[in-house]
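J.: Got a structure for you, start36.cif, holding mmCIF, C-alpha atoms and all ligand atoms.
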```
data_run
loop_
_atom_site.label_atom_id
_atom_site.label_comp_id
_atom_site.auth_asym_id
_atom_site.auth_seq_id
_atom_site.Cartn_x
_atom_site.Cartn_y
_atom_site.Cartn_z
CA MET A 1 -4.57 7.64 -19.48
CA GLY A 2 -7.27 5.35 -20.92
CA ASN A 3 -10.90 5.84 -20.26
CA HIS A 4 -11.81 2.25 -19.51
CA HIS A 5 -15.09 1.38 -17.94
CA HIS A 6 -14.63 -1.71 -15.87
CA HIS A 7 -17.97 -2.55 -14.41
CA HIS A 8 -16.97 -5.70 -12.63
CA HIS A 9 -16.33 -5.53 -8.92
CA ALA A 10 -12.95 -6.75 -7.86
CA THR A 11 -12.92 -9.42 -5.22
CA ALA A 12 -10.90 -8.86 -2.08
CA GLY A 13 -7.71 -10.75 -2.73
CA HIS A 14 -4.32 -10.09 -4.17
CA ASP A 15 -4.53 -12.18 -7.29
CA ASP A 16 -6.82 -9.88 -9.20
CA PRO A 17 -5.97 -7.09 -11.61
CA GLY A 18 -7.98 -4.57 -9.58
CA MET A 19 -5.40 -4.71 -6.82
CA ALA A 20 -2.52 -3.85 -9.14
CA GLU A 21 -4.42 -0.84 -10.47
CA LEU A 22 -5.23 0.27 -6.94
CA LEU A 23 -1.58 0.04 -5.86
CA ASP A 24 -0.43 2.10 -8.84
CA LEU A 25 -3.06 4.76 -8.16
CA ASP A 26 -2.12 4.80 -4.50
CA ALA A 27 1.47 5.51 -5.52
CA GLU A 28 0.44 8.41 -7.75
CA VAL A 29 -1.96 10.07 -5.35
CA LEU A 30 0.24 9.62 -2.26
CA ARG A 31 3.46 10.49 -4.05
CA ASP A 32 4.36 13.35 -1.68
CA HIS A 33 3.92 11.03 1.27
CA LEU A 34 6.21 8.46 -0.32
CA THR A 35 8.80 11.17 -0.88
CA GLU A 36 8.66 12.07 2.81
CA VAL A 37 9.30 8.46 3.78
CA THR A 38 12.17 8.01 1.33
CA ASP A 39 13.64 11.32 2.57
CA LEU A 40 13.70 9.79 6.02
CA VAL A 41 15.43 6.67 4.66
CA GLY A 42 17.93 8.98 2.93
CA GLU A 43 18.71 10.75 6.21
CA LEU A 44 19.19 7.49 8.07
CA THR A 45 21.48 6.03 5.40
CA ALA A 46 23.42 9.22 4.63
CA ASP A 47 26.70 7.71 5.86
CA ALA A 48 26.44 4.69 3.58
CA PRO A 49 23.78 4.91 0.86
CA PRO A 50 22.29 1.45 0.19
CA ARG A 51 23.74 -0.68 -2.62
CA VAL A 52 21.36 -3.62 -2.30
CA ILE A 53 17.70 -3.04 -1.50
CA LEU A 54 15.11 -5.74 -0.86
CA ASP A 55 11.40 -4.93 -1.14
CA LEU A 56 9.22 -7.46 0.70
CA GLY A 57 5.71 -7.79 -0.69
CA SER A 58 6.67 -5.37 -3.45
CA GLY A 59 3.30 -5.39 -5.21
CA THR A 60 3.61 -3.37 -8.41
CA GLY A 61 6.91 -1.83 -7.34
CA THR A 62 5.97 1.50 -5.75
CA GLY A 63 8.67 1.17 -3.11
CA ILE A 64 11.56 -0.41 -4.96
CA LEU A 65 11.22 1.71 -8.11
CA THR A 66 11.14 4.91 -6.06
CA LEU A 67 14.14 3.80 -4.03
CA LEU A 68 16.16 2.85 -7.12
CA ARG A 69 15.59 6.30 -8.56
CA ARG A 70 16.67 7.87 -5.30
CA PHE A 71 19.72 5.67 -4.70
CA GLY A 72 21.40 5.68 -8.09
CA ASP A 73 24.07 3.10 -7.23
CA ALA A 74 21.66 0.55 -5.80
CA GLU A 75 20.34 -2.70 -7.16
CA GLY A 76 16.94 -3.95 -6.16
CA ILE A 77 15.29 -7.24 -5.37
CA ALA A 78 11.50 -7.28 -5.48
CA LEU A 79 9.86 -10.17 -3.66
CA ASP A 80 6.19 -11.01 -3.88
CA MET A 81 4.11 -14.16 -3.82
CA ASP A 82 1.99 -12.94 -6.69
CA GLU A 83 3.49 -13.60 -10.13
CA ARG A 84 1.19 -11.06 -11.78
CA MET A 85 2.36 -8.26 -9.50
CA LEU A 86 5.95 -9.10 -10.38
CA ARG A 87 5.29 -9.08 -14.12
CA HIS A 88 3.59 -5.71 -13.79
CA LEU A 89 6.57 -4.48 -11.77
CA ALA A 90 9.07 -5.69 -14.39
CA ASP A 91 7.15 -3.85 -17.14
CA ARG A 92 7.12 -0.65 -15.10
CA ALA A 93 10.82 -1.02 -14.38
CA ASP A 94 11.55 -1.38 -18.10
CA ALA A 95 9.44 1.66 -18.91
CA LEU A 96 11.43 3.68 -16.39
CA GLY A 97 14.77 2.39 -17.69
CA LEU A 98 15.35 0.53 -14.43
CA GLY A 99 14.87 -2.99 -15.74
CA ARG A 100 18.52 -3.94 -15.41
CA ARG A 101 18.75 -2.79 -11.80
CA VAL A 102 15.91 -4.85 -10.37
CA ARG A 103 15.25 -8.56 -10.24
CA THR A 104 12.04 -10.17 -9.13
CA VAL A 105 11.72 -13.13 -6.80
CA GLN A 106 8.46 -15.00 -6.50
CA ALA A 107 8.17 -16.44 -3.00
CA ASP A 108 5.64 -16.86 -0.22
CA LEU A 109 7.09 -15.37 2.96
CA ASP A 110 4.96 -17.71 5.03
CA THR A 111 6.80 -20.75 3.73
CA THR A 112 10.14 -19.60 2.31
CA TRP A 113 13.01 -17.27 2.86
CA PRO A 114 15.21 -17.23 -0.24
CA SER A 115 18.90 -16.50 0.21
CA PHE A 116 19.76 -13.01 -0.98
CA GLY A 117 23.36 -12.34 0.01
CA ALA A 118 24.03 -9.22 2.06
CA VAL A 119 21.34 -6.54 1.91
CA ASP A 120 21.71 -2.91 3.05
CA LEU A 121 18.08 -1.83 3.10
CA VAL A 122 14.86 -3.79 3.46
CA TRP A 123 11.55 -2.08 2.65
CA ALA A 124 8.22 -3.60 3.68
CA SER A 125 5.21 -1.45 2.82
CA ALA A 126 1.71 -2.68 3.67
CA SER A 127 3.00 -6.24 3.55
CA MET A 128 3.99 -7.17 7.11
CA HIS A 129 0.38 -7.28 8.26
CA HIS A 130 -0.23 -10.05 5.70
CA VAL A 131 2.32 -12.55 6.98
CA ALA A 132 1.29 -15.33 9.32
CA ASP A 133 4.33 -15.16 11.60
CA PRO A 134 5.87 -11.68 11.58
CA GLY A 135 8.38 -12.62 14.30
CA ARG A 136 9.90 -15.25 12.06
CA VAL A 137 10.00 -12.96 9.04
CA LEU A 138 11.60 -10.16 11.10
CA ALA A 139 14.24 -12.63 12.34
CA ASP A 140 14.99 -13.56 8.72
CA VAL A 141 15.21 -9.88 7.76
CA HIS A 142 17.58 -9.29 10.65
CA ALA A 143 19.85 -12.14 9.55
CA THR A 144 19.83 -10.92 5.94
CA LEU A 145 20.64 -7.26 6.67
CA ARG A 146 24.28 -6.38 7.09
CA PRO A 147 25.12 -4.99 10.54
CA GLY A 148 24.13 -1.32 10.43
CA GLY A 149 21.55 -2.02 7.73
CA LEU A 150 18.07 -0.51 7.87
CA LEU A 151 14.57 -1.97 7.77
CA ALA A 152 11.72 0.37 6.85
CA VAL A 153 8.27 -0.91 7.81
CA LEU A 154 5.31 1.08 6.51
CA GLU A 155 1.82 0.28 7.60
CA MET A 156 -1.66 1.66 7.46
CA ASP A 157 -3.84 1.97 10.52
CA ALA A 158 -6.76 -0.27 11.43
CA LEU A 159 -8.91 1.46 8.80
CA PRO A 160 -6.54 0.98 5.88
CA MET A 161 -8.54 2.45 3.00
CA PRO A 162 -8.42 6.21 2.56
CA ARG A 163 -11.60 8.23 2.85
CA PHE A 164 -12.68 10.48 0.04
CA LEU A 165 -16.27 11.62 0.54
CA PRO A 166 -17.80 14.50 2.46
CA ASP A 167 -19.74 13.32 5.51
CA ASP A 168 -23.10 14.40 4.08
CA VAL A 169 -23.14 11.70 1.38
CA GLY A 170 -25.88 9.16 2.02
CA VAL A 171 -29.57 9.10 1.14
CA GLY A 172 -31.56 10.48 4.08
CA ARG A 173 -28.75 9.46 6.35
CA PRO A 174 -25.34 11.09 6.07
CA GLY A 175 -22.17 9.13 6.73
CA LEU A 176 -22.25 6.47 4.01
CA GLU A 177 -18.49 6.16 3.85
CA ALA A 178 -18.13 5.90 7.63
CA ARG A 179 -20.69 3.07 7.67
CA CYS A 180 -18.76 1.23 4.96
CA HIS A 181 -15.51 1.60 6.87
CA ALA A 182 -17.09 0.42 10.10
CA LEU A 183 -18.33 -2.76 8.37
CA LEU A 184 -14.92 -3.26 6.83
CA ALA A 185 -13.18 -2.78 10.16
CA GLU A 186 -15.17 -5.67 11.66
CA GLN A 187 -13.99 -7.98 8.89
CA ARG A 188 -10.43 -6.78 9.05
CA ALA A 189 -10.23 -7.33 12.78
CA GLU A 190 -11.09 -10.95 12.12
CA HIS A 191 -8.96 -11.64 9.04
CA MET A 192 -6.06 -9.23 9.53
CA PRO A 193 -5.48 -8.82 13.24
CA LEU A 194 -2.05 -7.27 12.65
CA LEU A 195 -3.47 -4.30 10.78
CA GLY A 196 -2.90 -1.15 12.80
CA SER A 197 -0.69 -2.86 15.37
CA ASP A 198 2.43 -1.32 16.88
CA TRP A 199 5.45 -2.80 15.10
CA GLY A 200 7.89 -1.31 17.60
CA VAL A 201 7.55 -4.29 19.94
CA PRO A 202 8.15 -7.13 17.45
CA LEU A 203 10.97 -5.11 15.85
CA SER A 204 12.74 -4.76 19.21
CA GLU A 205 12.15 -8.41 20.01
CA ALA A 206 13.80 -9.38 16.71
CA GLY A 207 16.92 -7.45 17.73
CA PHE A 208 16.37 -4.18 15.87
CA THR A 209 16.89 -0.70 17.26
CA VAL A 210 13.93 1.44 16.29
CA GLU A 211 15.49 4.76 15.30
CA ALA A 212 12.35 6.52 14.16
CA LYS A 213 8.62 6.06 14.22
CA ARG A 214 6.68 8.61 12.25
CA THR A 215 2.94 8.83 11.77
CA PHE A 216 1.67 10.64 8.71
CA ALA A 217 -1.83 12.05 8.92
CA ILE A 218 -2.54 12.45 5.23
CA ASP A 219 -5.26 14.95 4.41
CA LEU A 220 -5.21 16.07 0.79
CA ARG A 221 -7.50 18.89 -0.28
CA PRO A 222 -8.10 20.35 -3.73
CA PRO A 223 -6.29 20.82 -5.99
CA LEU A 224 -5.82 17.05 -5.89
CA PRO A 225 -3.60 14.88 -8.06
CA ALA A 226 -5.25 14.05 -11.40
CA GLU A 227 -5.64 10.35 -10.54
CA THR A 228 -7.67 11.01 -7.36
CA GLY A 229 -11.07 10.31 -8.93
CA ARG A 230 -9.93 6.96 -10.29
CA TYR A 231 -8.24 6.15 -7.01
CA ALA A 232 -11.47 6.89 -5.14
CA GLN A 233 -13.42 4.77 -7.64
CA ALA A 234 -11.02 1.81 -7.40
CA THR A 235 -10.98 2.01 -3.60
CA LEU A 236 -14.75 2.29 -3.24
CA ARG A 237 -15.22 -0.60 -5.67
CA ARG A 238 -13.07 -2.74 -3.49
CA ILE A 239 -14.92 -1.60 -0.40
CA ARG A 240 -18.22 -2.40 -2.10
CA SER A 241 -17.16 -5.98 -2.77
CA GLY A 242 -16.30 -6.37 0.91
CA VAL A 243 -19.50 -4.89 2.36
CA GLU A 244 -22.20 -5.48 -0.26
CA ASP A 245 -23.84 -8.31 1.71
CA HIS A 246 -24.11 -6.20 4.85
CA LEU A 247 -24.87 -2.71 3.62
CA ASP A 248 -28.49 -1.55 3.56
CA PRO A 249 -30.09 -1.19 0.11
CA ASP A 250 -30.19 2.63 0.15
CA ASP A 251 -26.51 2.82 0.94
CA LEU A 252 -25.71 0.25 -1.72
CA SER A 253 -27.56 2.20 -4.38
CA THR A 254 -25.88 5.46 -3.33
CA LEU A 255 -22.55 3.69 -3.57
CA ASP A 256 -23.39 2.47 -7.06
CA THR A 257 -24.30 5.99 -8.13
CA LEU A 258 -20.91 7.18 -6.91
CA LEU A 259 -19.16 4.32 -8.69
CA ASN A 260 -20.95 4.71 -11.99
CA GLY A 261 -18.33 6.28 -14.21
CA ASP A 262 -20.76 8.29 -16.32
CA GLY A 263 -23.16 9.91 -13.88
CA PRO A 264 -22.90 13.49 -12.62
CA GLU A 265 -22.44 12.26 -9.05
CA SER A 266 -19.68 9.87 -10.02
CA VAL A 267 -16.52 10.16 -7.97
CA LEU A 268 -14.80 10.74 -11.32
CA ARG A 269 -16.62 14.07 -11.59
CA ARG A 270 -17.13 15.27 -8.06
CA THR A 271 -15.14 18.32 -7.07
CA ASP A 272 -15.55 17.85 -3.32
CA LEU A 273 -13.30 14.81 -2.82
CA THR A 274 -10.50 14.76 -0.27
CA VAL A 275 -8.02 12.01 0.57
CA ARG A 276 -7.69 11.17 4.25
CA THR A 277 -5.66 8.31 5.64
CA THR A 278 -3.04 7.55 8.27
CA ARG A 279 0.22 5.76 7.62
CA THR A 280 3.03 4.99 9.99
CA ALA A 281 6.70 4.30 9.24
CA TRP A 282 9.13 2.51 11.55
CA MET A 283 12.84 2.78 10.79
CA ALA A 284 14.69 -0.08 12.43
CA ARG A 285 18.43 -0.66 12.39
CA ARG A 286 20.27 -3.94 12.77
CA PRO A 287 22.92 -2.99 15.35
C1 LIG A 301 -1.16 -4.17 0.07
S1 LIG A 301 0.01 -4.83 -1.07
C2 LIG A 301 1.37 -3.67 -0.89
C3 LIG A 301 2.26 -3.63 -2.11
C4 LIG A 301 3.42 -2.64 -2.08
N1 LIG A 301 4.39 -2.94 -1.05
C5 LIG A 301 2.93 -1.22 -1.93
O1 LIG A 301 3.17 -0.61 -0.90
O2 LIG A 301 2.31 -0.70 -2.88
C6 LIG A 301 0.62 -6.30 -0.26
C7 LIG A 301 1.54 -7.17 -1.12
O3 LIG A 301 2.11 -8.19 -0.31
C8 LIG A 301 2.08 -9.41 -1.01
N2 LIG A 301 2.06 -10.52 -0.04
C9 LIG A 301 1.10 -10.78 0.87
N3 LIG A 301 1.40 -11.86 1.58
C10 LIG A 301 2.60 -12.30 1.13
C11 LIG A 301 3.44 -13.41 1.45
N4 LIG A 301 3.09 -14.29 2.39
N5 LIG A 301 4.59 -13.57 0.76
C12 LIG A 301 4.94 -12.69 -0.22
N6 LIG A 301 4.18 -11.64 -0.57
C13 LIG A 301 3.03 -11.44 0.08
C14 LIG A 301 0.84 -9.32 -1.86
O4 LIG A 301 0.90 -10.20 -2.98
C15 LIG A 301 0.81 -7.85 -2.26
O5 LIG A 301 1.48 -7.62 -3.47
#
```
Output the file's structure as structure tokens, nothing else.
Ligand SMILES: C[S@@+](CC[C@H](N)C(=O)[O-])C[C@H]1O[C@@H](n2cnc3c(N)ncnc32)[C@H](O)[C@@H]1O

T.:
Amino acid sequence: MGNHHHHHHATAGHDDPGMAELLDLDAEVLRDHLTEVTDLVGELTADAPPRVILDLGSGTGTGILTLLRRFGDAEGIALDMDERMLRHLADRADALGLGRRVRTVQADLDTTWPSFGAVDLVWASASMHHVADPGRVLADVHATLRPGGLLAVLEMDALPMPRFLPDDVGVGRPGLEARCHALLAEQRAEHMPLLGSDWGVPLSEAGFTVEAKRTFAIDLRPPLPAETGRYAQATLRRIRSGVEDHLDPDDLSTLDTLLNGDGPESVLRRTDLTVRTTRTAWMARRP
């Protein structure tokens, strides 16, 4: 693990390296959660383990690479609109010895639906809330899945970023992190109205049978995974770039103290971090 000091602030978008790092850290820190979700997929596909798996909005490959390790006979297709994510994914796949079992497809789901052949399992983690017309994408997923095939939709709630800090952080005024999240929520409501929505309705409308909906209230306490400090730093950096124009100066300087990699109050050194977030999984079957 390198000790890099990136002092730039990532912009909120998907075409920047900061996002790839954040997705990889998310996978490491929330590994137990991911295992719970793939366990559920395993239960629901026990009769016929998937042979072809499609990951929509794969990012750096957290979903597809985990699924390929779990389902040893499966081949994977990783689709993303972002070429850089896919290159990162291919490198990870090679490092894990999975390079020959996964192919990448660069496509924008808002404008294209490539033909895939029959697919047994579709995985869409934190990607459905990005698409412009989820109904159309779900109809395409339905047509691509074989009858009996499964779609796993994973989403975050309306406050998508995990929380890490104790409530008392904030100069003279506790609750710095809550104020940041409240500002972020206003923006998200405007730009990502689908975040935190109930996918059960559009799934049913697209012809799926929702066989399970499970909400995971994640609340990690020490001892935390080793990457937690860096995950907190990458997340808070991203949050900073979203709220810096609206946050009051005291809060902004407290945030910078937390983000500074070298200081004693840096999130890299604090021992009082926790990881709190909510994720929901819908398991939908094509009848
Ligand atoms: C929040 S990331 C989630 C990545 C990954 N599924 C995970 O759980 O770690 C969302 C991903 O969806 C991709 N994405 C967003 N809109 C898309 C679209 N219209 N077509 C294809 N991919 C898209 C982004 O490039 C990004 O990699």

J.: For a quick check of understanding, using all atoms listed in the file, which of A:Thr274, A:Ser125, A:Gln187, A:Thr104 has the smallest distance to ligand LIG 301 (chain A)?

T.: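 Counting all atoms listed in the file, the residue closest to ligand LIG 301 (chain A) is A:Ser125.
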
J.: Quick one: residues within 6 Å of A:Ile218, all atoms listed in the file, excluding same-chain residues fewer than 3 positions away - as an MDAnalysis selection string?

T.: chainID A and resid 276:278

J.: Could the residues in this selection be saved with C-alpha atoms as a compact mmCIF listing (two decimals), keeping the file's coordinate frame?

T.:
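The resulting file, result.txt, is reproduced below:
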```
# COMPACT_ATOMS: atom_id res chain seq x y z
CA ARG A 276 -7.69 11.17 4.25
CA THR A 277 -5.66 8.31 5.64
CA THR A 278 -3.04 7.55 8.27
```

J.: Write out as a ChimeraX atom specification which residues come within 8 Å of A:Ile77 when counting only C-alpha atoms, dropping same-chain ones fewer than 4 positions away.

T.: /A:52-55,64,102-105

J.: Would you mind exporting C-alpha atoms of the selected residues as a compact mmCIF listing (two decimals), in the frame of the given file?

T.:
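Generated file (part-v2.txt):
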```txt
# COMPACT_ATOMS: atom_id res chain seq x y z
CA VAL A 52 21.36 -3.62 -2.30
CA ILE A 53 17.70 -3.04 -1.50
CA LEU A 54 15.11 -5.74 -0.86
CA ASP A 55 11.40 -4.93 -1.14
CA ILE A 64 11.56 -0.41 -4.96
CA VAL A 102 15.91 -4.85 -10.37
CA ARG A 103 15.25 -8.56 -10.24
CA THR A 104 12.04 -10.17 -9.13
CA VAL A 105 11.72 -13.13 -6.80
```

J.: To check your reading of the model: which residues sit at most 9 Å from ligand LIG 301 (chain A) when counting only C-alpha atoms and all ligand atoms? Write the answer as a VMD selection string.

T.: chain A and resid 13 to 15 19 to 20 22 to 24 26 to 27 55 to 64 79 to 86 106 to 112 123 to 132 154 to 155

J.: Using atom CA of A:Leu273 and atom CA of A:Pro223 as the two end points, give the distance in Å to one decimal.

T.: 9.8 Å

J.: Hey, can you check how far atom CA of A:Arg173 sits from atom CA of A:Leu159?

T.: 21.5 Å

J.: Using atom CA of A:Asp250 and atom CA of A:His181 as the two end points, give the distance in Å to one decimal.

T.: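 Computed distance, atom CA of A:Asp250 to atom CA of A:His181, equals 16.2 Å.
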
J.: Could you check which of A:Gly196, A:Leu145, A:Arg279, A:Arg136 is closest to A:Pro162, using all atoms listed in the file?

T.: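 Going through A:Gly196, A:Leu145, A:Arg279, A:Arg136 one by one, the smallest distance to A:Pro162 is for A:Arg279.
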
J.: Name all residues at most 12 Å from stretch 227-233 of chain A (count all atoms listed in the file; drop same-chain ones fewer than 5 positions away) and give them as a ChimeraX atom specification.

T.: /A:1-7,9-10,18-31,161-165,177,220-222,238-240,255-262,265-276

J.: Now that the selection is made, can you save its residues with C-alpha atoms as a compact mmCIF listing (two decimals), in the coordinates of the input?

T.:
```txt
# COMPACT_ATOMS: atom_id res chain seq x y z
CA MET A 1 -4.57 7.64 -19.48
CA GLY A 2 -7.27 5.35 -20.92
CA ASN A 3 -10.90 5.84 -20.26
CA HIS A 4 -11.81 2.25 -19.51
CA HIS A 5 -15.09 1.38 -17.94
CA HIS A 6 -14.63 -1.71 -15.87
CA HIS A 7 -17.97 -2.55 -14.41
CA HIS A 9 -16.33 -5.53 -8.92
CA ALA A 10 -12.95 -6.75 -7.86
CA GLY A 18 -7.98 -4.57 -9.58
CA MET A 19 -5.40 -4.71 -6.82
CA ALA A 20 -2.52 -3.85 -9.14
CA GLU A 21 -4.42 -0.84 -10.47
CA LEU A 22 -5.23 0.27 -6.94
CA LEU A 23 -1.58 0.04 -5.86
CA ASP A 24 -0.43 2.10 -8.84
CA LEU A 25 -3.06 4.76 -8.16
CA ASP A 26 -2.12 4.80 -4.50
CA ALA A 27 1.47 5.51 -5.52
CA GLU A 28 0.44 8.41 -7.75
CA VAL A 29 -1.96 10.07 -5.35
CA LEU A 30 0.24 9.62 -2.26
CA ARG A 31 3.46 10.49 -4.05
CA MET A 161 -8.54 2.45 3.00
CA PRO A 162 -8.42 6.21 2.56
CA ARG A 163 -11.60 8.23 2.85
CA PHE A 164 -12.68 10.48 0.04
CA LEU A 165 -16.27 11.62 0.54
CA GLU A 177 -18.49 6.16 3.85
CA LEU A 220 -5.21 16.07 0.79
CA ARG A 221 -7.50 18.89 -0.28
CA PRO A 222 -8.10 20.35 -3.73
CA ARG A 238 -13.07 -2.74 -3.49
CA ILE A 239 -14.92 -1.60 -0.40
CA ARG A 240 -18.22 -2.40 -2.10
CA LEU A 255 -22.55 3.69 -3.57
CA ASP A 256 -23.39 2.47 -7.06
CA THR A 257 -24.30 5.99 -8.13
CA LEU A 258 -20.91 7.18 -6.91
CA LEU A 259 -19.16 4.32 -8.69
CA ASN A 260 -20.95 4.71 -11.99
CA GLY A 261 -18.33 6.28 -14.21
CA ASP A 262 -20.76 8.29 -16.32
CA GLU A 265 -22.44 12.26 -9.05
CA SER A 266 -19.68 9.87 -10.02
CA VAL A 267 -16.52 10.16 -7.97
CA LEU A 268 -14.80 10.74 -11.32
CA ARG A 269 -16.62 14.07 -11.59
CA ARG A 270 -17.13 15.27 -8.06
CA THR A 271 -15.14 18.32 -7.07
CA ASP A 272 -15.55 17.85 -3.32
CA LEU A 273 -13.30 14.81 -2.82
CA THR A 274 -10.50 14.76 -0.27
CA VAL A 275 -8.02 12.01 0.57
CA ARG A 276 -7.69 11.17 4.25
```

J.: Let me have the centre and edge lengths in Å, one decimal, of the box along x, y and z around every listed atom of stretch 56-68 of chain A with 8 Å of margin on each side, as lines of an AutoDock Vina configuration file.

T.:
```
center_x = 9.7
center_y = -1.4
center_z = -3.9
size_x = 28.9
size_y = 28.7
size_z = 25.1
```

J.: Could you tell me which of A:Gly135, A:Leu121, A:Thr254, A:His246 comes closest to A:Gly172 if we count all atoms listed in the file?

T.: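 Looking only at the distances to A:Gly172, the closest residue turns out to be A:Thr254.
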
J.: Excluding same-chain residues fewer than 3 positions from A:Leu150, what lies within 9 Å of it counting all atoms listed in the file, as a PyMOL selection string?

T.: chain A and resi 41+44-45+50+120-123+145-147+208+283-286

J.: Residues as selected, C-alpha atoms, written as a compact mmCIF listing (two decimals), keeping the file's coordinate frame, can you do that?

T.:
```txt
# COMPACT_ATOMS: atom_id res chain seq x y z
CA VAL A 41 15.43 6.67 4.66
CA LEU A 44 19.19 7.49 8.07
CA THR A 45 21.48 6.03 5.40
CA PRO A 50 22.29 1.45 0.19
CA ASP A 120 21.71 -2.91 3.05
CA LEU A 121 18.08 -1.83 3.10
CA VAL A 122 14.86 -3.79 3.46
CA TRP A 123 11.55 -2.08 2.65
CA LEU A 145 20.64 -7.26 6.67
CA ARG A 146 24.28 -6.38 7.09
CA PRO A 147 25.12 -4.99 10.54
CA PHE A 208 16.37 -4.18 15.87
CA MET A 283 12.84 2.78 10.79
CA ALA A 284 14.69 -0.08 12.43
CA ARG A 285 18.43 -0.66 12.39
CA ARG A 286 20.27 -3.94 12.77
```

J.: Ranking A:Ala48, A:Leu68, A:Ala90, A:Pro249 by minimum distance to A:Gly170 and counting only C-alpha atoms, which one comes first?

T.: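 Looking at the shortest contact to A:Gly170, the residue is A:Pro249.
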
J.: Let me make sure I understand: among A:Thr280, A:Pro287, A:Gly149, A:Val169, which one has the smallest atom-to-atom distance to A:His33 if we use all atoms listed in the file?

T.: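 Under the stated criterion, the closest residue is A:Thr280.
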
J.: At a cut-off of 12 Å from (10.4, -12.7, 17.3) in the coordinates of the file, what residues are picked up using only C-alpha atoms, written as a PDB file with C-alpha atoms, in the coordinates of the input?

T.:
```
ATOM      1  CA  ASP A 133       4.330 -15.160  11.600  1.00  0.00           C
ATOM      2  CA  PRO A 134       5.870 -11.680  11.580  1.00  0.00           C
ATOM      3  CA  GLY A 135       8.380 -12.620  14.300  1.00  0.00           C
ATOM      4  CA  ARG A 136       9.900 -15.250  12.060  1.00  0.00           C
ATOM      5  CA  VAL A 137      10.000 -12.960   9.040  1.00  0.00           C
ATOM      6  CA  LEU A 138      11.600 -10.160  11.100  1.00  0.00           C
ATOM      7  CA  ALA A 139      14.240 -12.630  12.340  1.00  0.00           C
ATOM      8  CA  ASP A 140      14.990 -13.560   8.720  1.00  0.00           C
ATOM      9  CA  VAL A 141      15.210  -9.880   7.760  1.00  0.00           C
ATOM     10  CA  HIS A 142      17.580  -9.290  10.650  1.00  0.00           C
ATOM     11  CA  TRP A 199       5.450  -2.800  15.100  1.00  0.00           C
ATOM     12  CA  GLY A 200       7.890  -1.310  17.600  1.00  0.00           C
ATOM     13  CA  VAL A 201       7.550  -4.290  19.940  1.00  0.00           C
ATOM     14  CA  PRO A 202       8.150  -7.130  17.450  1.00  0.00           C
ATOM     15  CA  LEU A 203      10.970  -5.110  15.850  1.00  0.00           C
ATOM     16  CA  SER A 204      12.740  -4.760  19.210  1.00  0.00           C
ATOM     17  CA  GLU A 205      12.150  -8.410  20.010  1.00  0.00           C
ATOM     18  CA  ALA A 206      13.800  -9.380  16.710  1.00  0.00           C
ATOM     19  CA  GLY A 207      16.920  -7.450  17.730  1.00  0.00           C
ATOM     20  CA  PHE A 208      16.370  -4.180  15.870  1.00  0.00           C
TER      21      PHE A 208
END
```

J.: Which is closer to A:Asp39 than all the others in A:Leu89, A:Ala158, A:Leu194, A:Ala152, using all atoms listed in the file?

T.: A:Ala152
